[in-house]
Structure formats: structure tokens, C-alpha cells
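Peer 1: My structure is below; once you've seen it, I'll send some questions.
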Protein chains: 2
Amino acid sequence: MNHFSSFKLSQAQITDPFWGRYLELVRTKVLPYQWEALNDRIPGAEPSYCMYNFKAAAGLIKGGHKGPVFQDSDFGKWVEAVGYVLSGKRDPLLEKTADEAIDIVCAAQRPDGYLNTYYTLTDLNKRWTNLMDHHELYCLGHLLEGAIAYYEATGKNKFLNAMIRYTDLVEKNFGPEPEKLKGYPGHPELELALIKLYRITLNERYLYLAQFFIDRRGQAPLYFEEETRKHGNGNGWSGSHSFHYYQAGMPVRELPDARGHAVRMVYLLCGMAGVAGETGDTSLMDACERLWKNITGRQMYITGAVGSLPHGEAFSFDYDLPNDTIYGETCAAIGLIFFARALLEAAPLEAAPLEAAPLERAPGSCYADVMERALYNAVLSGMSLDGNRFFYVNPLEVWPRACERDFSKNHVKIERQKWFGCACCPPNLARLLASLAHYAFTSSFDGSLLMHLFIGGEFIHKTGGDAVISVKTRYPWEGTVAVAISPEKPVKFRYAFRIPSWCETYGVTLNGEAVSPGVDRGYAFLTREWKKGDVIEITFDMPVRVNEANPAVRENAGKIALSRGPIVYCLEEADNGPNLHLLYLPSGSEFKTEFKENLLGGVETITADALVLRNDWPEDALYRKASPPVYNPKTITWIPYYAWANRGKGEMRVWMNRLLNS
Amino acid sequence: MNHFSSFKLSQAQITDPFWGRYLELVRTKVLPYQWEALNDRIPGAEPSYCMYNFKAAAGLIKGGHKGPVFQDSDFGKWVEAVGYVLSGKRDPLLEKTADEAIDIVCAAQRPDGYLNTYYTLTDLNKRWTNLMDHHELYCLGHLLEGAIAYYEATGKNKFLNAMIRYTDLVEKNFGPEPEKLKGYPGHPELELALIKLYRITLNERYLYLAQFFIDRRGQAPLYFEEETRKHGNGNGWSGSHSFHYYQAGMPVRELPDARGHAVRMVYLLCGMAGVAGETGDTSLMDACERLWKNITGRQMYITGAVGSLPHGEAFSFDYDLPNDTIYGETCAAIGLIFFARALLEAAPLEAAPLEAAPLERAPGSCYADVMERALYNAVLSGMSLDGNRFFYVNPLEVWPRACERDFSKNHVKIERQKWFGCACCPPNLARLLASLAHYAFTSSFDGSLLMHLFIGGEFIHKTGGDAVISVKTRYPWEGTVAVAISPEKPVKFRYAFRIPSWCETYGVTLNGEAVSPGVDRGYAFLTREWKKGDVIEITFDMPVRVNEANPAVRENAGKIALSRGPIVYCLEEADNGPNLHLLYLPSGSEFKTEFKENLLGGVETITADALVLRNDWPEDALYRKASPPVYNPKTITWIPYYAWANRGKGEMRVWMNRLLNS
């Protein structure tokens, strides 16, 4: 059993100016837009066929299956986001749309509980014969997550009951018993959904099924190898990547590093951390922590993007983090946030309370640090500021001509797209943003409250009676966070907040008096009897920070990147003209920051006096005897990375040249 | 009619220590090895099927066509190299092998003259129905070049006559007349071979056919588009690259830049320059010069490699020259040398003799400069020092792990390969090296002699009587070139030699006395009545040169590369350990050079005191607040680029970081 729980959305009301805009966008624009997309009604966009397939499978219209095999999952993610939105704010029209959609989806369910439009519309006898590539169990996972969210928001259980029937069918057919199938999802996802189902039903069969999928994965003889042979399937991605593409080439506890398809990897890790947390399986938790360390310590971009290889949308190898040929799928950064949250929930913190000496296995603030990094940068960059254009790939450096003409950069789009045939990212973004409160706090069984993200709103900490935690902040633009704690009646608990890794100095007051809270593993904490009117004010100093990368990252040699608070910055052609590679930042530069209300939805910009290499070359010459470079002064402007590509096509780069002064 | 002619091989005997080794290698190792390869007898190498296909087409064995459609061409290139070798040195065994092979090849010829094993062994009714992708005319071009070389070396005309019959058949079926096909080769090659055939037969039909192919190419309606539609062919590379892959998307005179498949591009340019030179077609010559300028001024690596895109083995766009994802096919660099030579031959120098003011259209030394650059670097790197391993792709930077695990660098091999299924490069290298004397000199109709490359040997300048030009040099390691001119009887002519673009200072003596020759367009010249015993001694000062790239080349920003004379240098892990990206060369470094007899077949090495960035990072951390870098001193060693990858796997880089001193 986990020691920490995330807040439920019913415990949260976000009123934050930064996030409030996004949440409203999700409710009023993103979800309605995506509903149109799922119904193939976006002019000029690739059709989804998602609802078409459900209608056809339900016999409501005539037709065969269209689009990729995994389109069912997009409904799952959409309805999950709808559930989250409805938890925070009633929206009868949205709820009606969802109810009608659920009726269609449930009508597609077979009498035995099975629900997958691809096999229903092709050949039901072939179900569960291509677990490796056909996303069957993956789709169930997403539908199940959607059903749970919708049930929790609305109390309506039609969809949830349908999905439990389907899950029970799967549970009857997969497992360690001799007569059952020994397979597991080619794309992990169902594992983490089963943990969620276990937590709301407390039915251990779901936990055991998740455990079975995880324990079985990659055990010899390899299930996918046998399946491919037995059913004459194509060999999918196993040809070029081997079964590591699916994280199914060796037992999961033995994986030395993150490898293969990045979204599969992080989703699998969510399931692993969930099972480890619930069962106390230390070998599984060891593997989670080793892979967390590998990902965040060797395979993560400064924006929190992961999965640098376009071929197979995959993890590459340690320190291979090219900025311009990156994949960095939006979904992979989202999955990394899920994984961080799973680890926060699973962390065995009770074994060494925050007052005690650090544990050897210190969970600490690193999880929420990465969560914050990915959220404010790699994830937000996936969506346009107006909520209807999306990036699948999130580069840190763009030279538009190269993206158009060099095929090795062809996957990098320089403008966000309307929709994708394989549209995993847009609804994934919607469900993450709509459920942000899930990530802000965890509470432990002893009543401790840990604040991971600094999001303005009202949150209800359930410890004895309800304590209202009211957070006011202009984060991420300002580092002041005021937390008013209002319990029904005075109650003692430990209030802890993360000290972000980017923060070097901070101050804390309690009811106006400076205090010096203890700090353990990156969290400052105050333990006392809280009573109405208590206010903690935290001020994180938030200067511009010049970052360098581990020199093992070859792409960033001699370069720096700016950040301020959790926000990573970039240079765009719109502010600085083309040829960003000719810009140099001298050491000791002074930065000016300014909040621009009307720029890019309101952003803090940074300017500094930099240098630009004077290019005195003729156009038709390539090489010459080196001479000392000459620079001209140039004032340059950075904007938050997440807001790039909202002003037309142009160059962009996060890492810029550094010039060492004499 | 061209104004300059290259020397024939019968006019040359190379005795140079540097090239002598290569020529002997070609004769005694490369050609016998390649003969084994053409006969599928190299254990562990991909089979060629080249001779197998000819035997099957001749009915000598039973079987269908195997391997790619263009394998016939490998015999053409092999026998061409054999011809060149036999021009310089009798080798009865090699000649016997070639004669027997020619018997087989000629036995495969159809009664009407047609000779292509793919269509003969599949369906002769389909010949000339897929000019775009089936390399039919390309193969004829190579067979024709081979036949001409073999005839010129041995006087045996069996193969040449057979190929003339085949060419006549093509000439009967292709051309501007209404009843003839309006197509042209999908892979240019036949055009340049037809120029050669015209020059030895003086039959203008061959020149006209070459001209027809060139003039027709890319004219609307696009032949390849119509052919694809008419014959239901696949759309080959036109899908992703459009017809520009074949340089067949617009008339050749209108091409604004080099584009599409790099070898196709440079071979086409050879044909264009040949036709322009023979016909005086200035619009065609303008196009050649514009494209030469584009290639060498914007799309060429410092090694002379061209074609940076792996996808389609193609030219990319101006200044897009990545060092690690480069294609840089050996054949493309060879083709660039062919093009340079074609331009040297076609240059209308008589219109303004060397004594006169520079022409507006100055041909000048740039052609031979590039020829030299490509030859000593990009071309030689294509072959191992022992002559039996080959690179198709010639990177300027290699991180072995990335080549193994990052699919965008997977085409970059870190060790030369035994052979390739598509084995264009090895025999192309053999024929270039075996015919090196073709490139060293041109002579003009007025008796002028231009020395382009500095290669030791005896050369016969035919001007009235024969003048023996005896060249002694330790080039490329030393810059002294002694040229003894021994005419049968005193004869007046202009002797000109190229001043290499890398050379800033040089001295010239004539019979021991310092002289100051005139210089025009990069050539120094001495005009006098030469008599036996005259000796010119040229000394090019050859210090280590630190090169920088045009800042428009983003990959080389902040980097330098060393060269000395014509040789480009690189750093290898074998000499400097791994992590070459941590090395910095401070400005003002002093270089030591040393000739190491026993290293890599004898090479001049360069050493200098450099700096290595101290890496004090823990392994599992990626980003931190920037601090001033700390460097440790380190003496580093460069070797010639062409000799890299002869000591096992390891990192290599040509461009290294530059550190600007305070």
C-alpha cells in the first residue's frame, strides 16, 4: 500500500492566473476542438476515425475499421480530460456530449465484455494474437482511465461498469494460470490503469494482473517472439530495434537503462512504480529508481523532454541529446510527469520521517523538480497559445530550411499542426492540464502535507477535519507563494514544501515572522498546530540563471541556456533576427527582465547585451585561414521556451554560444 | 572542340613514393580483390553477382538475374581500371583475366547489340521502359568507358567494338527524330562516356547523342513522369525528392544549385562540361560554372566531400554541412574530380593567353585546387591503407556509440567494409587512382603545358617533338617540386604550374637561379625555349594551416581544422583518447610536424599543446549553473584525415574547438 496519495480533483479549485488560462482553454477550446477532431470534422486535418470506428463497431453505421489500430485510445484520453474538467466546473453541454459519446462507445461492447473497434470490425477470432503491435490492451488502459475519471467526476458509472466488464474478461484470459495467455501489452498503459482501478475498487485481482504483466514482461521465452512466429505477424519495430523497442527484450528488473520507444518506457515505469508502491516490492522499486536516475541524469533535455531518437520515437543512449534532430515527443514528457508522480506516491517516506536523517533511498525533491521542469517547458510547448495547434516533436533548436530540406530533420515541424493521424499528444496534453491539481500535493497517512508544485488555488487537506489550503502566487513569473492554512479546528500536521532545485536562496515567514524551517531531501517543513488565519509566505529568489550542460553532452559543448525559476528560455528569430548561431553571450552579462502583458499571453522576457559574430565572408567561399573573430554588440531577447513558434516560422534555439571573457 | 587535353596514360610513368604505393596496391591487391568480389568469392562480404549475371545472360550457366539492376557497371569500372593499370605496366595475368572476362561479357550481347543482364534475364520487351530507375544507360556508359580504356591500353578492340554496336543501337532508338525515344539516363554517366567515344572515333553522332540527352533532360513534359505513368513503374525517389533527385525536374541550364543524388549531379555536370567544351555552347558552360561555384563555394566539405544528405545520397542546401550525419559518398568526391577535369579541358583559355589580362570567365586554379583537395582527402579516405576495405560514407566526425545506436547516424560506418551489395565506390576508386596521370597535366593547342597536380614521374609533353618532363617531389609531405624538362631538341613553350590555394609563399628557381614567374589566375608560368637539362625547382612553403569555415556553416561555428599542404588533418582516439569534443586549441598554438615512416604507411603528423576541458561532473547530472570552465594542458596529435580508421574503432574529428586567448 502506498504511503502517499495525490490530491483528488474534488479537493482542488485552481484559481492561478497562469494555469487558470490553460484550464479555461482546455474546457472551452481544446476539448470541443478535439471532439470535432475525433469526429473528423476539422477541415484540412488528418481524419481521426475514432468515433467513426466506435459507431461502426456498434452497428450504428456501416463500414470497416479506418485509421491506425490505436484510435480507440483517443476517446479514452478525451473523456478522461472531460472528467477532470467536470470535477472542477460543471459544464452541462460538455457532459451531455460525453454521455452521448459513452452511449456510442458502450454500444460497441461485445456481449462478453470485449471492446476494441479494430478487431470487432476485422476479425474477432484474431483478438489477442498481436499484442506486440496492435495496441489492444493499450486501448483498454486508456478507456479504463477515462471511465474512472468520468465516474469520479460525475458519479455516473455506465462507462466504468462497461470497462470493468472488459477488464474482467482480460483478467480471465491473461495470467500465470496454465490455461491463460502469458502475454502483456506491446504498448504499456493498461498496467497503470489497473493500479487506478485497484485503488478505487480495492479489488486485488486488478493489482495482481498489473503485477503479472510487469513480472512476465521480457521473460524468456520472449512472448512477442513466439507470438510473431505463431501468428505470422510482421515483426514490427523488433527488426531495427530488437524487442527493446517494446522494453520486452529482458525482464524489467534487469533493464540497465531507459531504452526503446520513450512513451512505452515511461508508461511502463508508471505501472512498475505503482505496483512497487502497492506491494512493497523493493526489487521493482530499485529498478524504477535506477531507470529514473538514468533518464533524468543522462537522457533528459533541459526542457524535460525525453526520447531523443526520431527512429522509433525512442530513447537513445547516455548523453546523446541532439537539439535539432531530437524527437522529444510531447507524450513522453507527459509520461515522465506521470512517472514522477507515481514515484512521489510510492516513496517509502514513513520509514524516515522528514525530521529524521536522510534515507539511503532518498526520494526527495528530484521527482517534483523534474515534474515541474517537464510541465512548464516540454509539455506546454506541445500546444499553441490558442489551444488548437500541437507539436508532437519538441526541438530545442530549429533552422527552418534544414527542417524542410534535410530529411534527418524532416520530423521536426516548425509550426504546430492542426491534428495528427496518430494523435496521441493533443488529448494527452488536455488530460494532464485538466488534472493539474493531482500533481501539486501529496499527503501521507500521518497527515503530512507535501507541496510539490506552486499553483494558486484552494486545496482541501483531509486530516481529521478538512483544512483549506489557499495558495496565492504569480508563479512562474514571481517566486512569492502565500499559503493560508485554514483548518476547521486547530490541527497538528507537518506542512512541507519543495525547494526547487533552481533556487539558491529563499525566505519563509509564518504569520509575518521570519522562520527557518528544517530541510530534508529538498523539502522545507514546518510542523505545528495550524489554526485558521495561519499564513506561510515563501519567497524563492528567482534571478536569471545561466545553465551549462554536462560536458558529456556533446551537442551543448561551449553553450549555455537561460532559465528563470522553472521556465527555460529560448531565442527566437522573431525577436533577434536569423542566424542565432552567430550570437554569443559573454560571461558576466547583465540580464534585464520585464513582464510583457501583451506578448504571447503574458510572459516575462529577458534581455541582455550580447555579441554577434561579424560575418565578413563572401557568399561563395567556405574555408580560409583562421583569423581572430570580430564581434559586434547586439541586445538580444529571450522568451519562455514553451511559447516559441506562436509568431510564424523562424529560427529558435535554447542553447546558445558562450564567450569567455578575458 | 576543347582547347585543352589531359595527358594520356601512355604519356605518363608515375614513380612518386606517395602515389607509387597506391598504384602498386591497385595493381597487385585492389584489382585482384575486386575480381574476386565481382565473382562472389569474398567470404563474409555481400555477393556482387556481377559476373554471375553476365554468365547467365550469355547462357554459360543457368539462372535468373541477381542483385541490384546496376551490377553490370561494376565490371565496366573494373575493366577500365585494368586498362589504366596495363597502360603503365604490363601484367600478363591481369590481362588474361580481363580478356577472359571480356569474352564472357561479349557473349552476353544480343544479336542486335543490346547488352544488359537485367533485361536479358528478365524481359527484353521491357528494355528502355524504366530509364528513371533501372540504370540501363548508366551501365552502358560504364561498359563503354571500360572498353575505351582497355582498347587504349592494349590495342585490343573486341570489347570496344561490341560496345560501339550497343551504342549504335541506343543511338538508333534515342534522339530528337519523331520516331525515337525522347528519354535520357536516370543516372547520368553515358553522356560523359559518349564524349570519350566521340574523342577517339571523331564520330559526331556520339557527341550529338550526349547533347540530346543533356538538352532534353528536365524539359516539359517530364519524361520520367510520363514513363512512370505509361509503364506503371514505382515512383522511385521522385516521391520524397521529386524529380530533382534525378536532376530531371527542370532543364539543366536552369538548375539554380546542385541538388538531388550527388553522384548523378556531378556525372551529369561532366557530360555537360564535355558537350559545352566540344560545341562551344556558352549557356551550357554558364550552367556548369554556376553549379561548380555552388558546389565548391557552398556545398563542399573541407575534405572535398560533397552530398551531405544520407536520404537519397544527395546534395542538401547551401551551407548545410553536418560533420557527423554526412553522406559524402566516395563516388561523389571522385565525380567532383571528373567534373574539375572536364572544366580544365573545356576552359576557353586560348581566348586570353596566360600572359594576358584575366578573363571575365576565369577558369583559373580553382578547378585543380578542388581536384587536389578531394583527391588527397575525401577520395583516399574511401580505401583502407591495405587496399581491401572501403568507405562509402566519409564522415568528418565520428562518435562510435552514436553510429551504432543513433539511427540518424547508422549509415556512418566506423570501420571500412569488405564490400557492398551496391559496390559503386571501390571500383570507382580503383579506376581513378590507376588513371591519376590524366589529372596531373593539360596541354593546349598552342603547346602550353599546365601542371595541375604535383606527382613524381616522367611525363611526355608532345609539342613538336616529345619533351620529357621529369618531376621529382616528396609531395604532399614536402613542398619542393623539381621539374626537369628534356625536349628532343630545343623548343619554345609556356610551362605553367598551379600555385595551390593553400600556399601563401613560394620560391622558384630556373637552373639554380631564382626567378619570378608571372602569375595568372592561380598559375605561375615561364615561357622560353626549353632545352635538355633545364630544371625548374618550385618550393611551396607548407606550414601547418589553421582553417576556419564560413560562419554560415553552423556545424563548424567556433571550430578550426588543420591542414598542411593539400592534406586535411584529423584527431583520432588512437592518439588522443576519447572525448575529442573536450579538446580546445588555443590561439597562437605552435605546431610540430614529424614524418613517421612506420605510422599508417608513412605520414607527417602534427602535434601541439592544447587544452582539455576538465570534467568534474558526476555521471548522473545533466545541468547546473554555469561556472567558468577549467582546462588542463594536453599535447595532442593530428594525422592525415585520409588515414583515419586504420587502427580499429574510435572517435575521430576534423573540426575541433577553438579557444580564443585573452
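Here, A, B, ... name the chains of the C-alpha cells in the order displayed, residue numbers run from 1 inside each chain, and ligands are numbered from 1 in the same displayed order.
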Can you check which residues of chain A have any atom within 6 Å of chain B? Use only C-alpha atoms and format it as a count of residues only.

Peer 2: 15

Peer 1: If you count only C-alpha atoms, which residues fall within 9 Å of stretch 267-281 of chain A, apart from same-chain ones fewer than 5 positions away, as a VMD selection string?

Peer 2: chain A and resid 1 to 3 187 to 196 207 to 208 210 to 211 214 247 252 262 286 to 289 291 to 292 332 335 to 336 338 to 343 345 to 348

Peer 1: As a PyMOL selection string, please: all residues of stretch 311-424 of chain B that backbone DSSP puts in strand (DSSP E).

Peer 2: chain B and resi 314-315+397-398

Peer 1: May I have the selected residues written with N, CA and C atoms, as a tab-separated table (two decimals), in the first residue's frame?

Peer 2:
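Resulting contents of part_12.tsv:
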```tsv
chain	number	residue	atom	x	y	z
B	314	ALA	N	22.32	12.61	-51.23
B	314	ALA	CA	22.04	13.79	-52.04
B	314	ALA	C	22.72	15.06	-51.55
B	315	PHE	N	22.78	16.03	-52.45
B	315	PHE	CA	23.10	17.38	-52.05
B	315	PHE	C	21.98	17.88	-51.14
B	397	GLU	N	33.37	13.54	-38.61
B	397	GLU	CA	33.31	13.44	-37.15
B	397	GLU	C	32.59	12.15	-36.81
B	398	VAL	N	33.19	11.40	-35.92
B	398	VAL	CA	32.62	10.10	-35.59
B	398	VAL	C	32.66	9.89	-34.08
```

Peer 1: Find the residues near B:Thr228: any atom within 9 Å, counting only C-alpha atoms, skip ones fewer than 5 places away on the same chain, and give them as number ranges by chain.

Peer 2: B: 129-130, 132, 223, 233-235

Peer 1: Pick out the residues sitting within 8 Å of stretch 426-442 of chain B, and hand them over as a ChimeraX atom specification; count only C-alpha atoms, and ignore anything fewer than 5 positions along from it in its own chain.

Peer 2: /B:4-9,12-14,22-23,26,30-31,34,74,77-78,80-82,84-85,330-331,334,341,344-345,379,382-383,390,419,449-455

Peer 1: Just the selected residues (C-alpha atoms), exported as a tab-separated table (two decimals), in the first residue's frame, please.

Peer 2:
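Okay, this is what ended up in selection-v9.tsv:
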```tsv
chain	number	residue	atom	x	y	z
B	4	PHE	CA	42.98	21.66	-73.54
B	5	SER	CA	43.68	17.96	-73.42
B	6	SER	CA	44.60	15.87	-70.45
B	7	PHE	CA	47.62	13.67	-70.85
B	8	LYS	CA	47.01	10.14	-71.97
B	9	LEU	CA	48.31	7.43	-69.71
B	12	ALA	CA	52.99	9.07	-68.16
B	13	GLN	CA	55.02	6.91	-65.84
B	14	ILE	CA	54.40	7.65	-62.17
B	22	TYR	CA	48.78	3.32	-54.21
B	23	LEU	CA	49.26	2.37	-57.85
B	26	VAL	CA	45.66	-1.09	-57.13
B	30	VAL	CA	42.73	-3.90	-55.24
B	31	LEU	CA	42.02	-5.21	-58.73
B	34	GLN	CA	37.74	-6.75	-56.70
B	74	ASP	CA	30.95	-2.75	-61.77
B	77	LYS	CA	34.67	0.21	-63.82
B	78	TRP	CA	36.88	-2.76	-63.04
B	80	GLU	CA	38.50	0.44	-67.03
B	81	ALA	CA	40.91	0.34	-64.07
B	82	VAL	CA	42.57	-2.74	-65.56
B	84	TYR	CA	44.70	2.08	-66.93
B	85	VAL	CA	46.97	-0.26	-64.98
B	330	THR	CA	33.38	8.36	-52.10
B	331	CYS	CA	31.95	8.24	-55.64
B	334	ILE	CA	35.51	11.10	-57.40
B	341	ARG	CA	39.00	17.83	-65.08
B	344	LEU	CA	40.00	22.21	-67.06
B	345	GLU	CA	39.76	20.67	-70.51
B	379	VAL	CA	38.77	10.12	-52.04
B	382	GLY	CA	37.45	5.77	-49.08
B	383	MET	CA	40.03	2.97	-49.02
B	390	PHE	CA	36.20	0.61	-48.30
B	419	TRP	CA	32.43	-4.94	-50.00
B	449	LEU	CA	51.71	22.87	-70.62
B	450	LEU	CA	49.76	23.32	-67.37
B	451	MET	CA	50.79	21.34	-64.32
B	452	HIS	CA	47.81	20.89	-62.00
B	453	LEU	CA	48.93	18.20	-59.59
B	454	PHE	CA	52.37	17.61	-58.21
B	455	ILE	CA	53.08	13.97	-58.82
```

Peer 1: Applying 9 Å and only C-alpha atoms, which residues near stretch 474-476 of chain A remain after dropping the ones on its own chain fewer than 6 positions away? List them as a list in words.

Peer 2: Asp16, Pro17, Phe18, Tyr376, Phe454, Ile455, Gly456, Arg564, Gly565, Pro566 and Ile567 of chain A
